[in-house]
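J.: Dropping in structure.txt, with compact mmCIF, C-alpha atoms.
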```
# COMPACT_ATOMS: atom_id res chain seq x y z
CA MET A 1 13.38 2.83 6.48
CA SER A 2 11.07 5.35 8.14
CA LEU A 3 8.19 7.54 6.97
CA VAL A 4 7.88 10.94 8.66
CA LEU A 5 5.00 13.39 8.23
CA GLN A 6 5.56 16.91 9.55
CA ASP A 7 2.66 19.40 9.74
CA VAL A 8 0.93 17.74 6.79
CA THR A 9 -2.56 18.64 5.66
CA VAL A 10 -4.52 18.51 2.42
CA GLY A 11 -7.52 20.37 1.07
CA PRO A 12 -9.01 22.15 -1.92
CA LYS A 13 -6.67 24.71 -3.42
CA ALA A 14 -9.32 27.38 -2.96
CA GLY A 15 -10.63 26.19 0.41
CA ASN A 16 -9.75 25.20 3.96
CA PRO A 17 -7.68 22.14 4.91
CA LEU A 18 -9.70 18.96 5.43
CA PHE A 19 -8.06 18.26 8.80
CA SER A 20 -5.63 19.81 11.28
CA ALA A 21 -1.92 19.57 10.48
CA LEU A 22 -0.65 16.05 11.13
CA SER A 23 2.80 15.07 12.37
CA LEU A 24 3.64 11.38 12.55
CA ARG A 25 6.73 9.16 12.53
CA ILE A 26 6.33 5.57 11.33
CA ALA A 27 9.23 3.29 12.17
CA PRO A 28 10.54 0.49 9.93
CA GLY A 29 8.05 -2.39 9.95
CA GLU A 30 5.44 -0.38 11.85
CA VAL A 31 1.91 0.07 10.49
CA ALA A 32 0.22 3.28 11.63
CA THR A 33 -3.55 3.67 11.25
CA LEU A 34 -5.65 6.65 10.20
CA MET A 35 -9.28 6.62 11.36
CA GLY A 36 -12.08 9.14 11.21
CA PRO A 37 -15.41 9.90 9.55
CA SER A 38 -15.93 9.59 5.81
CA GLY A 39 -14.96 12.73 3.92
CA ILE A 40 -12.40 13.93 6.45
CA GLY A 41 -9.54 13.39 3.98
CA LYS A 42 -7.94 10.07 4.95
CA SER A 43 -7.72 8.63 1.45
CA THR A 44 -6.87 12.07 0.05
CA LEU A 45 -3.88 12.16 2.38
CA LEU A 46 -2.72 8.79 1.06
CA ASP A 47 -3.11 10.12 -2.48
CA ALA A 48 -0.93 13.10 -1.59
CA ILE A 49 1.79 10.91 -0.05
CA GLY A 50 1.78 8.53 -2.99
CA GLY A 51 1.88 11.32 -5.56
CA HIS A 52 -1.64 10.85 -6.92
CA LEU A 53 -3.42 13.87 -5.47
CA ALA A 54 -6.43 14.85 -7.57
CA HIS A 55 -6.44 18.07 -9.55
CA GLY A 56 -7.85 20.91 -7.49
CA PHE A 57 -6.30 19.72 -4.22
CA ALA A 58 -3.08 20.81 -2.56
CA VAL A 59 -0.85 19.37 0.15
CA SER A 60 1.27 21.30 2.63
CA GLY A 61 3.95 20.21 5.07
CA THR A 62 6.74 17.69 4.65
CA VAL A 63 6.67 13.96 3.95
CA ALA A 64 10.13 12.41 4.35
CA LEU A 65 10.89 8.82 3.41
CA ASN A 66 14.34 7.79 4.59
CA GLY A 67 15.30 11.44 4.63
CA ARG A 68 13.95 12.23 1.13
CA ASP A 69 11.24 14.89 0.83
CA VAL A 70 8.98 12.87 -1.47
CA LEU A 71 6.44 15.66 -2.01
CA ARG A 72 8.96 17.23 -4.36
CA GLN A 73 9.28 14.05 -6.42
CA PRO A 74 7.04 12.51 -9.10
CA ALA A 75 5.04 9.46 -8.05
CA GLU A 76 7.19 7.04 -10.05
CA THR A 77 10.36 7.92 -8.12
CA ARG A 78 8.90 8.02 -4.59
CA ARG A 79 9.27 4.25 -3.95
CA ILE A 80 5.86 4.16 -2.27
CA GLY A 81 3.50 1.25 -2.91
CA VAL A 82 -0.28 1.23 -2.52
CA LEU A 83 -2.85 -1.44 -1.66
CA PHE A 84 -6.48 -0.55 -2.37
CA GLN A 85 -9.90 -1.94 -1.38
CA ASP A 86 -9.89 -3.99 -4.57
CA ALA A 87 -6.82 -6.02 -5.49
CA MET A 88 -6.80 -4.30 -8.92
CA LEU A 89 -4.93 -6.99 -10.82
CA PHE A 90 -4.70 -6.34 -14.55
CA PRO A 91 -7.39 -8.55 -16.14
CA HIS A 92 -5.54 -8.89 -19.47
CA LEU A 93 -2.39 -10.30 -17.82
CA SER A 94 -1.79 -13.68 -16.21
CA VAL A 95 -1.15 -13.86 -12.47
CA GLY A 96 2.57 -14.23 -13.12
CA ASP A 97 2.67 -11.30 -15.52
CA ASN A 98 0.78 -9.20 -12.97
CA LEU A 99 3.51 -9.84 -10.43
CA ALA A 100 6.25 -9.28 -13.00
CA PHE A 101 4.78 -5.84 -13.67
CA GLY A 102 6.06 -4.76 -10.25
CA LEU A 103 9.68 -5.63 -11.06
CA VAL A 104 12.15 -3.02 -12.22
CA PRO A 105 13.03 -3.31 -15.95
CA SER A 106 16.62 -4.26 -15.14
CA VAL A 107 15.39 -7.63 -13.78
CA ARG A 108 15.12 -9.71 -16.93
CA GLY A 109 14.92 -13.23 -18.29
CA ALA A 110 15.52 -16.07 -15.87
CA ALA A 111 15.97 -13.69 -12.92
CA ARG A 112 12.55 -12.17 -13.65
CA ARG A 113 10.86 -15.57 -13.79
CA ALA A 114 12.63 -16.68 -10.61
CA ALA A 115 11.54 -13.55 -8.71
CA VAL A 116 7.92 -14.11 -9.73
CA GLU A 117 8.00 -17.81 -8.81
CA THR A 118 9.51 -17.02 -5.41
CA ALA A 119 6.84 -14.38 -4.73
CA LEU A 120 4.07 -16.77 -5.77
CA ASP A 121 5.48 -19.43 -3.47
CA GLN A 122 5.62 -16.97 -0.55
CA ALA A 123 1.99 -16.07 -1.24
CA GLY A 124 0.87 -19.68 -1.27
CA LEU A 125 0.24 -19.44 -5.01
CA ALA A 126 2.91 -21.78 -6.36
CA GLY A 127 1.98 -22.97 -9.86
CA PHE A 128 -0.43 -20.06 -10.43
CA ALA A 129 1.76 -18.06 -12.83
CA ALA A 130 -0.29 -18.87 -15.93
CA ARG A 131 -3.68 -18.47 -14.24
CA ASP A 132 -6.23 -15.84 -15.23
CA PRO A 133 -6.69 -13.37 -12.31
CA ALA A 134 -10.45 -13.80 -12.68
CA THR A 135 -10.12 -17.39 -11.43
CA LEU A 136 -8.60 -16.37 -8.10
CA SER A 137 -10.51 -16.15 -4.84
CA GLY A 138 -10.65 -12.88 -2.92
CA GLY A 139 -7.87 -13.98 -0.59
CA GLN A 140 -5.67 -15.16 -3.45
CA ARG A 141 -6.14 -11.87 -5.27
CA ALA A 142 -5.22 -9.94 -2.12
CA ARG A 143 -2.04 -11.97 -1.62
CA ALA A 144 -1.07 -11.58 -5.28
CA ALA A 145 -1.61 -7.81 -5.11
CA LEU A 146 0.64 -7.53 -2.04
CA MET A 147 3.43 -9.55 -3.65
CA ARG A 148 3.24 -7.41 -6.80
CA ALA A 149 3.61 -4.31 -4.62
CA LEU A 150 6.56 -5.82 -2.74
CA LEU A 151 8.35 -6.88 -5.94
CA ALA A 152 8.64 -3.17 -6.74
CA GLU A 153 10.79 -2.91 -3.58
CA PRO A 154 8.87 -0.02 -2.01
CA GLU A 155 10.34 1.89 0.88
CA ALA A 156 6.85 2.50 2.30
CA LEU A 157 3.38 1.05 1.71
CA LEU A 158 0.04 2.84 1.84
CA LEU A 159 -3.04 0.74 2.63
CA ASP A 160 -6.42 2.23 1.67
CA GLU A 161 -8.96 -0.04 3.40
CA PRO A 162 -7.47 -3.11 1.69
CA PHE A 163 -9.39 -5.60 3.88
CA SER A 164 -12.86 -4.02 3.79
CA ARG A 165 -14.29 -6.33 1.10
CA LEU A 166 -13.20 -9.54 2.85
CA ASP A 167 -15.34 -11.57 5.23
CA ALA A 168 -14.29 -11.68 8.88
CA GLU A 169 -12.30 -14.93 8.77
CA LEU A 170 -10.48 -14.10 5.54
CA ARG A 171 -9.93 -10.53 6.73
CA ALA A 172 -7.98 -11.75 9.75
CA GLU A 173 -5.90 -14.12 7.59
CA ILE A 174 -4.98 -11.52 4.96
CA ARG A 175 -4.28 -8.85 7.58
CA GLY A 176 -1.78 -11.15 9.24
CA PHE A 177 -0.20 -11.99 5.89
CA VAL A 178 0.23 -8.32 4.96
CA PHE A 179 1.46 -7.09 8.34
CA ASP A 180 3.89 -10.00 8.75
CA HIS A 181 5.48 -9.22 5.38
CA LEU A 182 5.85 -5.53 6.21
CA ARG A 183 7.46 -6.30 9.56
CA ALA A 184 9.80 -8.89 8.08
CA ARG A 185 10.94 -6.46 5.36
CA LYS A 186 11.02 -3.48 7.75
CA ILE A 187 8.71 -1.44 5.49
CA PRO A 188 6.71 1.34 7.22
CA GLY A 189 3.00 1.26 6.44
CA LEU A 190 0.20 3.82 6.72
CA MET A 191 -3.31 2.36 6.72
CA VAL A 192 -6.75 3.93 6.36
CA THR A 193 -9.61 1.95 7.88
CA HIS A 194 -13.01 2.29 9.56
CA ASP A 195 -12.57 -1.02 11.40
CA ALA A 196 -11.01 -0.87 14.86
CA SER A 197 -9.96 -4.53 14.56
CA ASP A 198 -7.68 -3.58 11.65
CA ALA A 199 -5.97 -0.98 13.81
CA GLU A 200 -5.63 -3.43 16.70
CA ALA A 201 -4.09 -6.06 14.42
CA ALA A 202 -1.66 -3.51 12.96
CA GLY A 203 -0.39 -2.74 16.46
CA GLY A 204 0.98 0.69 15.58
CA VAL A 205 -0.06 4.21 16.48
CA VAL A 206 -3.69 5.13 15.73
CA VAL A 207 -4.47 8.67 14.56
CA GLN A 208 -8.01 10.06 14.60
CA LEU A 209 -8.52 12.71 11.91
```
Any chance you could give the structure as structure tokens?
T.:
Amino acid sequence: MSLVLQDVTVGPKAGNPLFSALSLRIAPGEVATLMGPSGIGKSTLLDAIGGHLAHGFAVSGTVALNGRDVLRQPAETRRIGVLFQDAMLFPHLSVGDNLAFGLVPSVRGAARRAAVETALDQAGLAGFAARDPATLSGGQRARAALMRALLAEPEALLLDEPFSRLDAELRAEIRGFVFDHLRARKIPGLMVTHDASDAEAAGGVVVQL
């Protein structure tokens, strides 16, 4: 799996691009990092790649995921996951049901329960299926959010400052957890951050917008 950006830029439909055209190739399991001042368009670029670009903005160029031009596809068929600053677990669902939400509908019954239990175990959350998400710590919420994203079997993952609300010690732990899973599953990642330590831990190419 690889994610390739060719001459990509975003900006207001009636205005100038927010940044110069960007070309970037992210290999399987690699996490590339976007850095730059606030307002330059980093998160807007992630929105465009994921298929969630706000009304009034436009994207140009090509974004190819395993050879597919995803910019021509609706968000639900792009196979691109997203991790945000906040874990964004559904408050009305249990932890297990939150993870199950990421599974494709064809996974049902016992197979669905087994997939959730396996993901919880991998996240160090065995026995947490019935828990209320509000009872989880910040680190537990972050691990649950990642496993929900991975259960959807994405072919790429976008990371929009997902570690910024964590303290330094927990930040390092969760970063390692996320990056290790992406490398093991050979999923390319594109991360936005203002923290140079995030980029160093990711180990991939760093792009300054």
J.: Using only C-alpha atoms, find each residue in stretch 65-122 of chain A having at least one atom no more than 12 Å away from stretch 174-191 of chain A; report its shortest atom-to-atom pair and that distance in Å (one decimal), rows by chain then rising number, as a Markdown table.
T.:
```
| residue | atom | partner | partner_atom | distance |
| --- | --- | --- | --- | --- |
| A:Leu65 | CA | A:Pro188 | CA | 9.4 |
| A:Asn66 | CA | A:Pro188 | CA | 10.3 |
| A:Arg79 | CA | A:Ile187 | CA | 11.0 |
| A:Ile80 | CA | A:Gly189 | CA | 9.6 |
| A:Gly81 | CA | A:Gly189 | CA | 9.4 |
| A:Val82 | CA | A:Gly189 | CA | 9.5 |
| A:Leu83 | CA | A:Met191 | CA | 9.2 |
| A:Phe84 | CA | A:Met191 | CA | 10.1 |
| A:Gln85 | CA | A:Met191 | CA | 11.3 |
| A:Ala87 | CA | A:Ile174 | CA | 12.0 |
| A:Ala119 | CA | A:His181 | CA | 11.4 |
| A:Gln122 | CA | A:His181 | CA | 9.8 |
```
J.: Under the rule that only C-alpha atoms are counted, which of A:Gly50, A:Pro133, A:Pro37, A:Gly29 is the nearest residue to A:Leu93?
T.: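 For A:Leu93, the nearest of the candidates is A:Pro133.
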J.: At what distance in Å, to one decimal, does atom CA of A:Gly41 lie from atom CA of A:Met147?
T.: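 We find that atom CA of A:Met147 and atom CA of A:Gly41 lie 27.4 Å from each other.
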J.: Given only C-alpha atoms as the basis, pick out the residue of A:Leu103, A:Val116, A:Ala111, A:Val95 nearest to A:Thr135.
T.: A:Val95
J.: Which residue, A:Gly204, A:Pro91, A:Pro162, A:Gly11, has the smallest gap to A:Leu136 when you use all atoms listed in the file?
T.: A:Pro91
J.: Write out as AutoDock Vina command-line options an axis-aligned box for stretch 38-41 of chain A: all of its atoms listed in the file, 5 Å added on each side, centre and edge lengths in Å with one decimal.
T.:
```
--center_x -12.7 --center_y 11.8 --center_z 5.2 --size_x 16.4 --size_y 14.3 --size_z 12.5
```
J.: Which polymer residues have any atom within 8 Å of an atom of A:Ala202, counting all atoms listed in the file, with same-chain residues fewer than 2 positions away left out, as JSON, numbers by chain?
T.: {"A": [30, 31, 32, 33, 179, 198, 199, 200, 204]}
J.: Please save C-alpha atoms of the selected residues as a compact mmCIF listing (two decimals), in the coordinates of the input.
T.:
```txt
# COMPACT_ATOMS: atom_id res chain seq x y z
CA GLU A 30 5.44 -0.38 11.85
CA VAL A 31 1.91 0.07 10.49
CA ALA A 32 0.22 3.28 11.63
CA THR A 33 -3.55 3.67 11.25
CA PHE A 179 1.46 -7.09 8.34
CA ASP A 198 -7.68 -3.58 11.65
CA ALA A 199 -5.97 -0.98 13.81
CA GLU A 200 -5.63 -3.43 16.70
CA GLY A 204 0.98 0.69 15.58
```
J.: Do a neighbour search on A:Val207 at 10 Å with only C-alpha atoms, toss out local chain neighbours closer than 4 positions, and write the hits as a VMD selection string.
T.: chain A and resid 22 to 24 32 to 36 192 199
J.: So the first atom is atom CA of A:Asp132 and the second is atom CA of A:Met88; what is the distance between them in Å, to one decimal place?
T.: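 Separation between atom CA of A:Asp132 and atom CA of A:Met88: 13.2 Å.
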J.: Tell me which of A:Glu155, A:Asp47, A:Asp7, A:Glu117 sits closest to A:Thr62, counting all atoms listed in the file.
T.: A:Asp7
J.: Smallest atom-to-atom distance to A:Ser197: which of A:Arg171, A:Leu209, A:Ser38, A:Leu158, using all atoms listed in the file?
T.: A:Arg171
J.: My structure is short of atoms at stretch 135-146 of chain A; please model all heavy atoms there, returning them as a PDB file, in the coordinates of the input.
T.:
```pdb
ATOM      1  N   THR A 135      -9.868 -16.090 -12.053  1.00  0.00           N
ATOM      2  CA  THR A 135     -10.120 -17.390 -11.430  1.00  0.00           C
ATOM      3  C   THR A 135      -9.687 -17.443  -9.975  1.00  0.00           C
ATOM      4  O   THR A 135      -9.899 -18.455  -9.311  1.00  0.00           O
ATOM      5  CB  THR A 135      -9.391 -18.509 -12.215  1.00  0.00           C
ATOM      6  OG1 THR A 135      -7.966 -18.347 -12.058  1.00  0.00           O
ATOM      7  CG2 THR A 135      -9.752 -18.469 -13.689  1.00  0.00           C
ATOM      8  N   LEU A 136      -9.087 -16.379  -9.481  1.00  0.00           N
ATOM      9  CA  LEU A 136      -8.600 -16.370  -8.100  1.00  0.00           C
ATOM     10  C   LEU A 136      -9.705 -16.011  -7.128  1.00  0.00           C
ATOM     11  O   LEU A 136     -10.617 -15.242  -7.437  1.00  0.00           O
ATOM     12  CB  LEU A 136      -7.452 -15.362  -7.950  1.00  0.00           C
ATOM     13  CG  LEU A 136      -6.202 -15.541  -8.817  1.00  0.00           C
ATOM     14  CD1 LEU A 136      -5.153 -14.515  -8.422  1.00  0.00           C
ATOM     15  CD2 LEU A 136      -5.649 -16.948  -8.713  1.00  0.00           C
ATOM     16  N   SER A 137      -9.596 -16.542  -5.920  1.00  0.00           N
ATOM     17  CA  SER A 137     -10.510 -16.150  -4.840  1.00  0.00           C
ATOM     18  C   SER A 137     -10.107 -14.771  -4.327  1.00  0.00           C
ATOM     19  O   SER A 137      -9.037 -14.245  -4.671  1.00  0.00           O
ATOM     20  CB  SER A 137     -10.432 -17.169  -3.708  1.00  0.00           C
ATOM     21  OG  SER A 137      -9.151 -17.103  -3.065  1.00  0.00           O
ATOM     22  N   GLY A 138     -10.953 -14.196  -3.480  1.00  0.00           N
ATOM     23  CA  GLY A 138     -10.650 -12.880  -2.920  1.00  0.00           C
ATOM     24  C   GLY A 138      -9.345 -12.870  -2.150  1.00  0.00           C
ATOM     25  O   GLY A 138      -8.540 -11.935  -2.265  1.00  0.00           O
ATOM     26  N   GLY A 139      -9.101 -13.912  -1.364  1.00  0.00           N
ATOM     27  CA  GLY A 139      -7.870 -13.980  -0.590  1.00  0.00           C
ATOM     28  C   GLY A 139      -6.647 -14.156  -1.474  1.00  0.00           C
ATOM     29  O   GLY A 139      -5.599 -13.561  -1.225  1.00  0.00           O
ATOM     30  N   GLN A 140      -6.791 -14.969  -2.524  1.00  0.00           N
ATOM     31  CA  GLN A 140      -5.670 -15.160  -3.450  1.00  0.00           C
ATOM     32  C   GLN A 140      -5.340 -13.882  -4.189  1.00  0.00           C
ATOM     33  O   GLN A 140      -4.178 -13.546  -4.385  1.00  0.00           O
ATOM     34  CB  GLN A 140      -6.020 -16.279  -4.436  1.00  0.00           C
ATOM     35  CG  GLN A 140      -6.054 -17.663  -3.805  1.00  0.00           C
ATOM     36  CD  GLN A 140      -6.640 -18.712  -4.728  1.00  0.00           C
ATOM     37  OE1 GLN A 140      -7.417 -18.400  -5.650  1.00  0.00           O
ATOM     38  NE2 GLN A 140      -6.297 -19.960  -4.489  1.00  0.00           N
ATOM     39  N   ARG A 141      -6.368 -13.138  -4.581  1.00  0.00           N
ATOM     40  CA  ARG A 141      -6.140 -11.870  -5.270  1.00  0.00           C
ATOM     41  C   ARG A 141      -5.422 -10.878  -4.346  1.00  0.00           C
ATOM     42  O   ARG A 141      -4.522 -10.165  -4.770  1.00  0.00           O
ATOM     43  CB  ARG A 141      -7.478 -11.272  -5.735  1.00  0.00           C
ATOM     44  CG  ARG A 141      -8.126 -12.023  -6.880  1.00  0.00           C
ATOM     45  CD  ARG A 141      -9.509 -11.462  -7.204  1.00  0.00           C
ATOM     46  NE  ARG A 141      -9.423 -10.081  -7.626  1.00  0.00           N
ATOM     47  CZ  ARG A 141      -9.184  -9.695  -8.871  1.00  0.00           C
ATOM     48  NH1 ARG A 141      -8.992 -10.599  -9.821  1.00  0.00           N
ATOM     49  NH2 ARG A 141      -9.132  -8.415  -9.186  1.00  0.00           N
ATOM     50  N   ALA A 142      -5.836 -10.854  -3.081  1.00  0.00           N
ATOM     51  CA  ALA A 142      -5.220  -9.940  -2.120  1.00  0.00           C
ATOM     52  C   ALA A 142      -3.747 -10.277  -1.911  1.00  0.00           C
ATOM     53  O   ALA A 142      -2.889  -9.390  -1.854  1.00  0.00           O
ATOM     54  CB  ALA A 142      -5.975  -9.975  -0.791  1.00  0.00           C
ATOM     55  N   ARG A 143      -3.437 -11.569  -1.817  1.00  0.00           N
ATOM     56  CA  ARG A 143      -2.040 -11.970  -1.620  1.00  0.00           C
ATOM     57  C   ARG A 143      -1.204 -11.661  -2.863  1.00  0.00           C
ATOM     58  O   ARG A 143      -0.064 -11.207  -2.751  1.00  0.00           O
ATOM     59  CB  ARG A 143      -1.967 -13.469  -1.280  1.00  0.00           C
ATOM     60  CG  ARG A 143      -2.607 -13.817   0.054  1.00  0.00           C
ATOM     61  CD  ARG A 143      -2.142 -15.156   0.572  1.00  0.00           C
ATOM     62  NE  ARG A 143      -2.434 -16.262  -0.312  1.00  0.00           N
ATOM     63  CZ  ARG A 143      -3.561 -16.966  -0.310  1.00  0.00           C
ATOM     64  NH1 ARG A 143      -4.539 -16.635   0.534  1.00  0.00           N
ATOM     65  NH2 ARG A 143      -3.723 -17.988  -1.132  1.00  0.00           N
ATOM     66  N   ALA A 144      -1.783 -11.884  -4.039  1.00  0.00           N
ATOM     67  CA  ALA A 144      -1.070 -11.580  -5.280  1.00  0.00           C
ATOM     68  C   ALA A 144      -0.794 -10.081  -5.395  1.00  0.00           C
ATOM     69  O   ALA A 144       0.294  -9.656  -5.814  1.00  0.00           O
ATOM     70  CB  ALA A 144      -1.864 -12.067  -6.487  1.00  0.00           C
ATOM     71  N   ALA A 145      -1.782  -9.265  -5.021  1.00  0.00           N
ATOM     72  CA  ALA A 145      -1.610  -7.810  -5.110  1.00  0.00           C
ATOM     73  C   ALA A 145      -0.503  -7.337  -4.176  1.00  0.00           C
ATOM     74  O   ALA A 145       0.298  -6.453  -4.526  1.00  0.00           O
ATOM     75  CB  ALA A 145      -2.923  -7.104  -4.767  1.00  0.00           C
ATOM     76  N   LEU A 146      -0.435  -7.917  -2.972  1.00  0.00           N
ATOM     77  CA  LEU A 146       0.640  -7.530  -2.040  1.00  0.00           C
ATOM     78  C   LEU A 146       2.007  -7.909  -2.610  1.00  0.00           C
ATOM     79  O   LEU A 146       2.940  -7.098  -2.585  1.00  0.00           O
ATOM     80  CB  LEU A 146       0.448  -8.194  -0.687  1.00  0.00           C
ATOM     81  CG  LEU A 146       1.614  -7.970   0.283  1.00  0.00           C
ATOM     82  CD1 LEU A 146       1.726  -6.500   0.675  1.00  0.00           C
ATOM     83  CD2 LEU A 146       1.496  -8.848   1.514  1.00  0.00           C
TER      84      LEU A 146
END
```
